[in-house]
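Visitor: This is the content of final_31.txt (compact mmCIF, C-alpha atoms):
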```
# COMPACT_ATOMS: atom_id res chain seq x y z
CA MET A 5 3.43 21.19 -0.08
CA PRO A 6 3.49 18.55 2.67
CA VAL A 7 6.73 17.08 3.94
CA THR A 8 6.74 13.47 5.05
CA THR A 9 9.33 11.19 6.57
CA ILE A 10 10.21 8.02 4.66
CA ALA A 11 13.09 5.89 5.94
CA ASP A 12 14.18 8.64 8.33
CA ARG A 13 14.39 11.13 5.49
CA GLU A 14 12.22 14.16 5.02
CA VAL A 15 10.84 14.39 1.50
CA HIS A 16 8.37 16.70 -0.22
CA VAL A 17 5.21 14.97 -1.45
CA ASP A 18 1.82 15.86 -2.90
CA GLU A 19 -1.38 15.25 -0.93
CA GLU A 20 -1.44 11.59 -2.01
CA GLY A 21 2.19 10.93 -1.13
CA PHE A 22 3.91 11.08 -4.55
CA LEU A 23 7.31 12.77 -4.35
CA THR A 24 7.33 16.24 -5.83
CA SER A 25 11.04 16.87 -6.02
CA TYR A 26 12.99 14.82 -8.58
CA ASP A 27 16.29 15.20 -6.77
CA GLU A 28 15.11 13.97 -3.39
CA TRP A 29 14.97 10.43 -4.78
CA ASN A 30 17.72 7.82 -4.60
CA PRO A 31 17.71 4.01 -4.89
CA ASP A 32 17.67 3.58 -1.10
CA LEU A 33 14.59 5.75 -0.86
CA ALA A 34 13.04 3.69 -3.68
CA ARG A 35 13.40 0.62 -1.50
CA ALA A 36 11.57 2.38 1.33
CA LEU A 37 8.86 3.74 -1.00
CA ALA A 38 8.34 0.25 -2.41
CA ALA A 39 8.14 -1.23 1.08
CA ALA A 40 5.56 1.40 2.03
CA ILE A 41 3.23 0.06 -0.68
CA GLY A 42 4.00 -3.58 0.04
CA LEU A 43 6.62 -4.29 -2.63
CA GLU A 44 10.04 -5.77 -2.16
CA LEU A 45 12.32 -4.09 -4.66
CA THR A 46 14.41 -6.30 -6.92
CA ASP A 47 16.90 -5.42 -9.65
CA GLU A 48 14.09 -6.01 -12.12
CA HIS A 49 11.95 -3.37 -10.40
CA LEU A 50 14.91 -1.01 -10.32
CA ALA A 51 15.54 -1.41 -14.06
CA VAL A 52 11.97 -0.28 -14.72
CA VAL A 53 12.23 2.58 -12.25
CA ASP A 54 15.49 3.66 -13.85
CA PHE A 55 13.78 3.85 -17.25
CA LEU A 56 10.96 5.95 -15.79
CA ARG A 57 13.39 8.42 -14.29
CA ARG A 58 15.47 8.72 -17.45
CA ASP A 59 12.37 9.10 -19.61
CA PHE A 60 10.95 11.74 -17.29
CA LEU A 61 14.01 13.88 -17.92
CA THR A 62 13.53 13.79 -21.68
CA LYS A 63 9.73 14.25 -21.76
CA ASP A 64 9.14 16.22 -18.59
CA GLU A 65 6.28 13.87 -17.77
CA THR A 66 5.94 10.40 -16.28
CA PRO A 67 5.69 7.72 -18.99
CA THR A 68 2.42 5.81 -19.23
CA LEU A 69 2.33 2.04 -18.90
CA ARG A 70 2.24 1.76 -22.68
CA ARG A 71 5.33 3.91 -23.06
CA VAL A 72 7.21 1.88 -20.45
CA ALA A 73 6.30 -1.23 -22.46
CA THR A 74 6.94 0.06 -25.98
CA VAL A 75 9.81 2.50 -25.46
CA GLY A 76 11.32 0.95 -22.34
CA GLY A 77 10.96 -2.56 -23.69
CA PHE A 78 9.43 -4.06 -20.53
CA PRO A 79 6.58 -6.46 -21.43
CA THR A 80 3.16 -5.33 -20.18
CA LYS A 81 2.50 -8.70 -18.54
CA GLN A 82 5.72 -8.47 -16.55
CA LEU A 83 4.91 -4.94 -15.40
CA PHE A 84 1.65 -6.25 -13.95
CA VAL A 85 3.65 -8.97 -12.14
CA LEU A 86 6.23 -6.55 -10.75
CA PHE A 87 3.77 -3.82 -9.80
CA PRO A 88 0.46 -5.63 -9.31
CA LYS A 89 -2.99 -4.09 -9.90
CA LYS A 90 -1.98 -0.50 -10.58
CA PRO A 91 1.39 -0.72 -12.34
CA ALA A 92 1.55 2.79 -13.80
CA LYS A 93 0.90 4.54 -10.51
CA LYS A 94 3.02 2.18 -8.42
CA MET A 95 6.00 2.50 -10.78
CA ALA A 96 5.69 6.28 -10.69
CA TYR A 97 5.49 6.27 -6.91
CA VAL A 98 8.57 4.12 -6.44
CA ALA A 99 10.44 6.21 -9.03
CA GLY A 100 9.66 9.37 -7.09
CA LEU A 101 7.71 10.87 -9.99
CA PRO A 102 4.19 12.30 -10.38
CA LYS A 103 1.34 10.06 -11.51
CA PRO A 104 1.29 9.65 -15.31
CA LYS A 105 -1.21 11.96 -17.03
CA GLY A 106 -1.68 10.19 -20.37
CA CYS A 107 -4.81 8.14 -21.13
CA VAL A 108 -3.07 5.21 -22.82
CA MET B 16 4.36 26.96 3.51
CA SER B 17 5.30 23.47 4.66
CA VAL B 18 3.29 21.14 6.81
CA THR B 19 5.28 18.35 8.45
CA GLN B 20 3.42 15.11 8.99
CA THR B 21 4.49 12.58 11.57
CA THR B 22 2.90 9.51 9.97
CA PRO B 23 4.26 8.99 6.45
CA ILE B 24 1.93 10.03 3.63
CA VAL B 25 1.67 6.99 1.39
CA PRO B 26 -0.80 6.50 -1.49
CA SER B 27 -3.44 3.90 -0.68
CA PHE B 28 -3.17 1.75 -3.79
CA ASP B 29 -4.72 -1.44 -2.54
CA ASP B 30 -7.00 -0.72 0.35
CA GLU B 31 -9.56 1.46 -1.40
CA ALA B 32 -13.20 0.54 -1.15
CA GLY B 33 -14.35 -1.45 -4.17
CA GLY B 34 -11.18 -3.47 -4.50
CA ASP B 35 -13.24 -6.14 -6.22
CA ARG B 36 -14.56 -3.72 -8.83
CA LYS B 37 -15.51 -5.25 -12.14
CA LEU B 38 -16.27 -3.60 -15.48
CA ALA B 39 -18.13 -5.02 -18.47
CA ILE B 40 -17.88 -3.22 -21.80
CA ILE B 41 -20.10 -4.14 -24.73
CA CYS B 42 -18.51 -3.13 -28.04
CA SER B 43 -21.25 -3.04 -30.67
CA LYS B 44 -19.84 -0.67 -33.30
CA GLY B 45 -17.33 -1.41 -36.02
CA SER B 46 -16.21 2.02 -37.13
CA LEU B 47 -12.75 3.30 -36.27
CA ASP B 48 -14.03 6.17 -34.15
CA MET B 49 -16.38 3.97 -32.15
CA ALA B 50 -13.79 1.23 -31.59
CA TYR B 51 -11.58 3.40 -29.43
CA PRO B 52 -13.81 4.56 -26.55
CA GLY B 53 -14.33 1.01 -25.32
CA LEU B 54 -10.69 0.04 -25.77
CA VAL B 55 -9.33 3.15 -24.06
CA LEU B 56 -11.64 2.71 -21.09
CA ALA B 57 -10.89 -1.01 -20.83
CA ASN B 58 -7.18 -0.26 -20.82
CA ALA B 59 -7.61 2.45 -18.19
CA ALA B 60 -9.70 0.19 -15.97
CA LEU B 61 -7.12 -2.60 -16.18
CA GLY B 62 -4.38 -0.16 -15.22
CA GLU B 63 -6.40 0.63 -12.11
CA GLY B 64 -6.68 -2.99 -11.11
CA VAL B 65 -10.31 -3.37 -12.23
CA GLU B 66 -11.32 -6.79 -13.59
CA THR B 67 -12.43 -5.99 -17.14
CA HIS B 68 -14.51 -7.95 -19.66
CA LEU B 69 -15.22 -6.89 -23.25
CA PHE B 70 -18.06 -8.40 -25.28
CA PHE B 71 -17.85 -7.89 -29.03
CA THR B 72 -21.22 -8.03 -30.73
CA PHE B 73 -22.81 -7.08 -34.05
CA TRP B 74 -20.58 -4.53 -35.82
CA GLY B 75 -18.23 -4.67 -32.84
CA PHE B 76 -17.26 -8.07 -34.23
CA ASP B 77 -15.15 -6.21 -36.80
CA LEU B 78 -12.71 -5.34 -33.99
CA ILE B 79 -11.87 -8.99 -33.37
CA ASN B 80 -12.35 -10.41 -36.87
CA LYS B 81 -8.81 -10.99 -38.18
CA LYS B 82 -9.95 -9.90 -41.66
CA THR B 83 -11.29 -6.51 -40.60
CA MET B 84 -9.63 -5.55 -37.31
CA GLY B 85 -6.71 -3.75 -38.92
CA ASP B 86 -8.88 -2.00 -41.46
CA LEU B 87 -11.66 -0.19 -39.57
CA LYS B 88 -12.91 2.98 -41.22
CA PHE B 89 -14.15 6.37 -40.23
CA THR B 90 -16.72 8.22 -42.30
CA MET B 91 -17.91 11.80 -42.17
CA LEU B 92 -21.26 10.70 -43.61
CA GLY B 93 -24.04 11.32 -41.16
CA ASN B 94 -21.59 12.58 -38.55
CA VAL B 95 -22.38 16.22 -37.85
CA ALA B 96 -19.68 16.30 -35.17
CA THR B 97 -17.05 16.67 -37.89
CA HIS B 98 -18.42 20.22 -38.44
CA MET B 99 -17.98 19.80 -42.18
CA PRO B 100 -20.65 20.16 -44.88
CA GLN B 101 -22.49 16.82 -44.95
CA GLY B 102 -22.30 16.57 -48.77
CA LEU B 103 -18.51 16.37 -48.63
CA GLY B 104 -18.59 13.01 -46.93
CA ALA B 105 -20.34 11.48 -49.93
CA LEU B 106 -17.60 12.41 -52.39
CA PRO B 107 -15.48 9.50 -53.66
CA GLY B 108 -12.40 8.89 -51.54
CA MET B 109 -13.60 10.94 -48.59
CA THR B 110 -13.99 7.98 -46.23
CA ALA B 111 -10.49 6.77 -47.04
CA MET B 112 -9.12 10.24 -46.46
CA ALA B 113 -11.01 10.75 -43.19
CA THR B 114 -9.82 7.33 -42.02
CA ARG B 115 -6.20 8.13 -42.81
CA LYS B 116 -6.46 11.43 -40.98
CA MET B 117 -8.01 9.89 -37.90
CA LYS B 118 -5.46 7.05 -37.81
CA LYS B 119 -2.70 9.64 -37.97
CA SER B 120 -4.19 11.66 -35.11
CA ILE B 121 -4.55 8.52 -33.01
CA ALA B 122 -0.95 7.47 -33.69
CA GLU B 123 0.28 10.96 -32.83
CA VAL B 124 -1.01 10.67 -29.27
CA GLY B 125 0.79 7.35 -28.87
CA VAL B 126 -2.30 5.17 -29.04
CA PRO B 127 -1.89 1.90 -30.96
CA GLU B 128 -3.98 0.51 -33.80
CA VAL B 129 -6.79 -1.88 -32.88
CA PRO B 130 -4.93 -5.22 -33.09
CA GLU B 131 -2.03 -3.96 -30.99
CA PHE B 132 -4.42 -2.31 -28.54
CA LEU B 133 -6.26 -5.61 -28.06
CA GLU B 134 -2.93 -7.30 -27.39
CA GLN B 135 -2.11 -4.72 -24.74
CA ILE B 136 -5.55 -5.20 -23.14
CA SER B 137 -5.09 -8.95 -23.22
CA ASP B 138 -1.58 -8.68 -21.73
CA SER B 139 -2.98 -6.47 -18.99
CA GLY B 140 -5.34 -9.26 -17.98
CA GLY B 141 -8.44 -8.09 -19.85
CA HIS B 142 -10.98 -10.70 -20.97
CA LEU B 143 -12.14 -10.65 -24.59
CA TRP B 144 -15.39 -12.43 -25.46
CA ALA B 145 -17.08 -12.88 -28.84
CA CYS B 146 -20.87 -12.89 -29.24
CA ARG B 147 -22.35 -16.25 -30.28
CA MET B 148 -25.17 -14.76 -32.34
CA SER B 149 -22.82 -12.49 -34.29
CA ALA B 150 -20.48 -15.42 -34.98
CA ASP B 151 -23.37 -17.57 -36.23
CA MET B 152 -24.86 -14.79 -38.36
CA ASN B 153 -21.53 -14.26 -40.11
CA HIS B 154 -20.55 -17.94 -40.19
CA LEU B 155 -17.37 -17.26 -38.24
CA THR B 156 -15.54 -19.56 -35.84
CA GLU B 157 -12.83 -18.95 -33.24
CA ASP B 158 -10.23 -19.51 -35.98
CA ASP B 159 -11.44 -16.36 -37.70
CA LEU B 160 -11.04 -14.29 -34.57
CA TYR B 161 -8.15 -12.53 -32.89
CA ASP B 162 -6.16 -15.05 -30.83
CA GLY B 163 -6.67 -13.17 -27.58
CA VAL B 164 -10.43 -13.82 -27.71
CA GLU B 165 -11.11 -16.38 -24.98
CA ALA B 166 -14.28 -17.88 -26.42
CA ILE B 167 -17.46 -17.34 -28.37
CA ILE B 168 -20.19 -17.13 -25.76
CA SER B 169 -23.90 -16.39 -25.60
CA ALA B 170 -25.32 -13.15 -24.27
CA SER B 171 -26.54 -14.95 -21.17
CA ASP B 172 -23.08 -16.41 -20.55
CA PHE B 173 -21.67 -12.90 -20.68
CA ILE B 174 -24.28 -11.60 -18.26
CA GLU B 175 -23.43 -14.50 -15.95
CA LYS B 176 -19.66 -13.89 -16.15
CA THR B 177 -20.04 -10.23 -15.37
CA ALA B 178 -22.34 -10.56 -12.36
CA GLY B 179 -22.01 -7.49 -10.18
CA ALA B 180 -20.01 -5.57 -12.80
CA GLN B 181 -20.53 -1.99 -13.88
CA LEU B 182 -21.65 -2.06 -17.49
CA LEU B 183 -20.83 0.16 -20.40
CA PHE B 184 -22.48 -0.08 -23.82
CA VAL B 185 -20.53 1.39 -26.71
```
Is it possible to give me this structure as structure tokens?
Guide:
Amino acid sequence: MPVTTIADREVHVDEEGFLTSYDEWNPDLARALAAAIGLELTDEHLAVVDFLRRDFLTKDETPTLRRVATVGGFPTKQLFVLFPKKPAKKMAYVAGLPKPKGCV
Amino acid sequence: MSVTQTTPIVPSFDDEAGGDRKLAIICSKGSLDMAYPGLVLANAALGEGVETHLFFTFWGFDLINKKTMGDLKFTMLGNVATHMPQGLGALPGMTAMATRKMKKSIAEVGVPEVPEFLEQISDSGGHLWACRMSADMNHLTEDDLYDGVEAIISASDFIEKTAGAQLLFV
């Protein structure tokens, strides 16, 4: 498993760069991860990320975009505004979680 | 074994080749089982940042017709892929039962019913177009169609709008 340095911290990632260790994440790192993909993290982003991380603990998998919208209560349109183009993957990345596996 | 990289490993979300990728999906079937492939793929494409257009034509019109969109059916008749004796499908009530069963299986994997799925596609920036010929044949206007449908357009308009797109016929 590769180790990479984000914001002066060494973290374990997969070959694409998604964090592989749940506990290596913290909100400061999220800011750096977001910056690395061209996003400036706001409280609104963090609220979404917080849902992803809580949901991951209950389901043991990253929620899909649909689940973030229906269970998390964040409107789909807004998710596309906050995490443009590829919301599901970008949210997962910033939350320090694996890419979602579900189809819908 | 660990490998330490000096340059950070960051997913390349935006700079992949084909950033202007476009997908056109023609939905021509009105049965429950044939409604989903197009919708699932459209939703997936949108989630990957692909500009996506859906064209509803012939029986595919049932997906966007307010009267039918929530009531698509699945039949075993003529469908050998169910691996059931073909005669069974012709018994009274079998289509209703098969439909209920399929709807349940779809719901169980967290996939919405057609109207809600179209809303999600629309909210994700997908473009929904209705076929002019199908509308005329069935004497339907935009008022009869799902609100997310942008317009009733001709086949040539659709071809024009989706210039350069990859095309999928369902």
Visitor: Which one of B:Leu183, B:Glu123, B:Phe173, B:Pro26 sits closest to B:Arg147 if you count only C-alpha atoms?
Guide: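 Among the listed residues, the smallest separation from B:Arg147 belongs to B:Phe173.
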Visitor: At a cut-off of 7 Å around the point (-10.8, -13.7, -36.1) (file coordinates), what residues fall inside when counting all atoms listed in the file? I'd like the answer as a count of residues only.
Guide: 9
Visitor: Could you tell me which residues of chain B sit within 12 Å of chain A when counting all atoms listed in the file, and give me the result as a VMD selection string?
Guide: chain B and resid 16 to 30 34 to 36 51 to 52 54 to 66 121 to 122 124 to 128 131 to 132 134 to 141
Visitor: Could you pull the residues within 12 Å of B:Met152, counting only C-alpha atoms, minus those fewer than 4 positions along the same chain, as a PyMOL selection string?
Guide: chain B and resi 72-74+76+146-148+156
Visitor: How many Å separate atom CA of B:Thr67 from atom CA of A:Phe87?
Guide: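 Here the two named atoms are 17.9 Å from each other.
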Visitor: Could you tell me how far atom CA of B:Leu143 sits from atom CA of B:Met84, in Å to one decimal place?
Guide: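 Atom-to-atom, atom CA of B:Met84 and atom CA of B:Leu143 are spaced 13.9 Å apart.
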Visitor: Nearest to A:Pro31: which of A:Arg13, A:Arg58, A:Val53, A:Pro67 is it, counting only C-alpha atoms?
Guide: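 That would be A:Val53, the residue with the smallest distance to A:Pro31.
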Visitor: What is the distance between atom CA of B:His68 and atom CA of B:Leu133, in Å to one decimal?
Guide: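 Separation of atom CA of B:His68 and atom CA of B:Leu133: 12.0 Å.
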Visitor: Give me, as an NGL selection string, all polymer residues having an atom no more than 12 Å from B:Gly108, counting all atoms listed in the file and skipping those fewer than 4 positions away in the same chain.
Guide: :B and (88-91 or 103-104 or 112-115)
Visitor: Measuring between only C-alpha atoms, which one of B:Gly75, B:Gly163, B:Gly53, B:Pro130 shows the shortest distance to B:Ser149?
Guide: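 For B:Ser149, the nearest of the given residues is B:Gly75.
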Visitor: Choose the residue, out of A:Leu86, A:Val72, A:Asp12, A:Asp59, that has the smallest atom-to-atom separation from A:Ala36; count all atoms listed in the file.
Guide: A:Asp12
